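Asks: To start, I am sharing the structure in question, which I have written as structure tokens.
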Amino acid sequence: LEKWTVLTLEEALSHLSRPAELGLLVRRTFGAAGRGRRRIRAGAPDASEARWLEASLREGPLTIEPWVEVLKEFTRSAHVDAAGRVRIAAPTTHLTNEHGAWLGSSEAGVDEVRGRVDHALQGAVEATGAALSLAGYQGPFGIDAFLHRWRGKVVLNPVSEVNARYTMDWALGFG
């Protein structure tokens with residue numbers, strides 16, 4: 001799944017003009033709980049979308065990626081200590097609305113997270129913890145991930161977001 005980071009309106013318009021069957025997701029650098037993002041159809045943005053793009057770019061870079069049909073969303077909460085050790089919670093699933101805003105969480109059932117998905121989520125949270133530690137961070141964090149359809153196949157995006165803070169799923173994941 002391709003994604004682009006843009007710094008200017010011209011770059012954003014160039015990527016938004018590319019064909020994308022379901023449109024594109026445009027995200028601000030610092031969003032939370034599904035906020036700071038907007039689905040924009042491929043082509044030229046309308047006036048409201050253009051104003052949102054301009055205002056968002058004044059705050060920093062934007063990420064643009066194809067909008068996908070999300071089938072299931074996961075969070076893995078963790079904690080990295082001063083020595084770089086990563087303690088990882090059980091996976092949780094979370095419900096979001098049609099705009100991606102968080103509505104609630106539940107424990108992930110065995111059937112939802114198994115085999116390659118569980119292995120990929122585990123590896124992603126370990127790698128994220130190592131990178132955060134290397135950057136000097138210690139404390140709670142979480143990664144968001146999701147299964148989605150892409151070109152007729154079910155695919156895992158193991159790290160859609162990194163949240164260097166307590167996540168909404170923290171207590172549930174660590175039980």
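Starting from 1 in every chain, residues are counted up; chains themselves are A, B, ... following the order of the structure tokens, and ligands are numbered from 1 as listed.
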Quick one: which region 116-151 of chain A residues come within 9 Å of region 69-80 of chain A, and what is the nearest atom pair for each with the distance in Å to one decimal, counting only C-alpha atoms, rows ordered by chain and ascending number, as a Markdown table?
Replies:
```
| residue | atom | partner | partner_atom | distance |
| --- | --- | --- | --- | --- |
| A:Leu121 | CA | A:Arg76 | CA | 7.4 |
| A:Gln122 | CA | A:Arg76 | CA | 8.1 |
| A:Val125 | CA | A:Arg76 | CA | 6.8 |
| A:Glu126 | CA | A:Ala78 | CA | 8.8 |
| A:Gly129 | CA | A:Val80 | CA | 5.9 |
| A:Ala130 | CA | A:Val80 | CA | 8.0 |
| A:Leu132 | CA | A:Val80 | CA | 7.9 |
| A:Ser133 | CA | A:Val80 | CA | 6.8 |
| A:Tyr137 | CA | A:Val80 | CA | 7.8 |
| A:Gln138 | CA | A:Val80 | CA | 5.2 |
| A:Gly139 | CA | A:His79 | CA | 5.3 |
| A:Pro140 | CA | A:His79 | CA | 4.3 |
| A:Phe141 | CA | A:Ala78 | CA | 5.4 |
| A:Gly142 | CA | A:Ser77 | CA | 4.1 |
| A:Ile143 | CA | A:Arg76 | CA | 5.5 |
| A:Asp144 | CA | A:Thr75 | CA | 4.5 |
| A:Ala145 | CA | A:Phe74 | CA | 5.1 |
| A:Phe146 | CA | A:Glu73 | CA | 4.2 |
| A:Leu147 | CA | A:Lys72 | CA | 5.2 |
| A:His148 | CA | A:Val70 | CA | 4.3 |
| A:Arg149 | CA | A:Glu69 | CA | 5.6 |
| A:Trp150 | CA | A:Glu69 | CA | 7.8 |
```
Asks: Would you mind telling me which residue in A:Ala44, A:Gly136, A:Val159, A:Glu54 lies nearest to Ala83 (chain A) when using only C-alpha atoms?
Replies: A:Gly136
Asks: Which of these residues is nearest to Val68 (chain A), using only C-alpha atoms: A:Gly175, A:Gly152, A:Pro158, A:Gly36?
Replies: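 Smallest separation from Val68 (chain A) among the options: A:Gly152.
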Asks: Write down as JSON, numbers by chain the residues belonging to chain A that are assigned strand (DSSP E or B) by DSSP computed on the backbone.
Replies: {"A": [4, 5, 6, 24, 25, 26, 27, 28, 37, 38, 39, 40, 62, 63, 64, 65, 66, 69, 70, 71, 72, 73, 74, 75, 76, 77, 78, 79, 80, 86, 87, 88, 92, 93, 94, 95, 96, 102, 103, 104, 105, 106, 107, 139, 140, 141, 142, 143, 144, 145, 146, 147, 148, 149, 150, 153, 154, 155, 156, 157, 158, 159, 160, 161, 162, 163]}
Asks: Would you mind reading off the distance between CA of Glu59 (chain A) and CA of Ala12 (chain A), one decimal, in Å?
Replies: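 The value is 14.3 Å.
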Asks: Glu2 (chain A): which residues within 10 Å, counting only C-alpha atoms, same-chain residues fewer than 6 positions away excluded, as a list in words?
Replies: Ile64, Glu65 and Pro66 of chain A
Asks: Mind pulling up the distance from CA of Asn163 (chain A) to CA of Ala108 (chain A)?
Replies: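 So the two atoms, CA of Ala108 (chain A) and CA of Asn163 (chain A), lie 19.2 Å apart.
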Asks: Which residue is closest to Ile88 (chain A)? Choose from A:Ala127, A:Leu103, A:Arg58, A:Trp4 and count only C-alpha atoms.
Replies: A:Ala127
Asks: Extract, using only C-alpha atoms, all DNA, RNA and protein residues at most 8 Å from Val6 (chain A), discarding same-chain residues fewer than 3 positions from it, and format them as number ranges by chain.
Replies: A: 9, 11-12, 61-64
Asks: Please write the residues from the selection above to a file, keeping N, CA and C atoms, as a CSV table (one decimal), in the first residue's frame.
Replies:
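And here's result.csv as it stands now:
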```csv
chain,number,residue,atom,x,y,z
A,9,LEU,N,0.8,22.3,-1.0
A,9,LEU,CA,-0.5,22.1,-1.6
A,9,LEU,C,-0.3,21.5,-3.0
A,11,GLU,N,2.0,19.5,-4.1
A,11,GLU,CA,2.3,18.0,-3.9
A,11,GLU,C,1.0,17.3,-3.6
A,12,ALA,N,0.2,17.8,-2.7
A,12,ALA,CA,-1.0,17.2,-2.3
A,12,ALA,C,-1.9,17.0,-3.5
A,61,PRO,N,3.4,18.5,7.7
A,61,PRO,CA,3.2,17.6,6.6
A,61,PRO,C,1.9,16.8,6.7
A,62,LEU,N,1.5,16.3,5.5
A,62,LEU,CA,0.3,15.5,5.5
A,62,LEU,C,0.7,14.1,4.9
A,63,THR,N,0.0,13.1,5.3
A,63,THR,CA,0.2,11.8,4.7
A,63,THR,C,-1.0,11.5,3.9
A,64,ILE,N,-0.8,11.0,2.6
A,64,ILE,CA,-1.8,10.7,1.7
A,64,ILE,C,-1.7,9.2,1.3
```
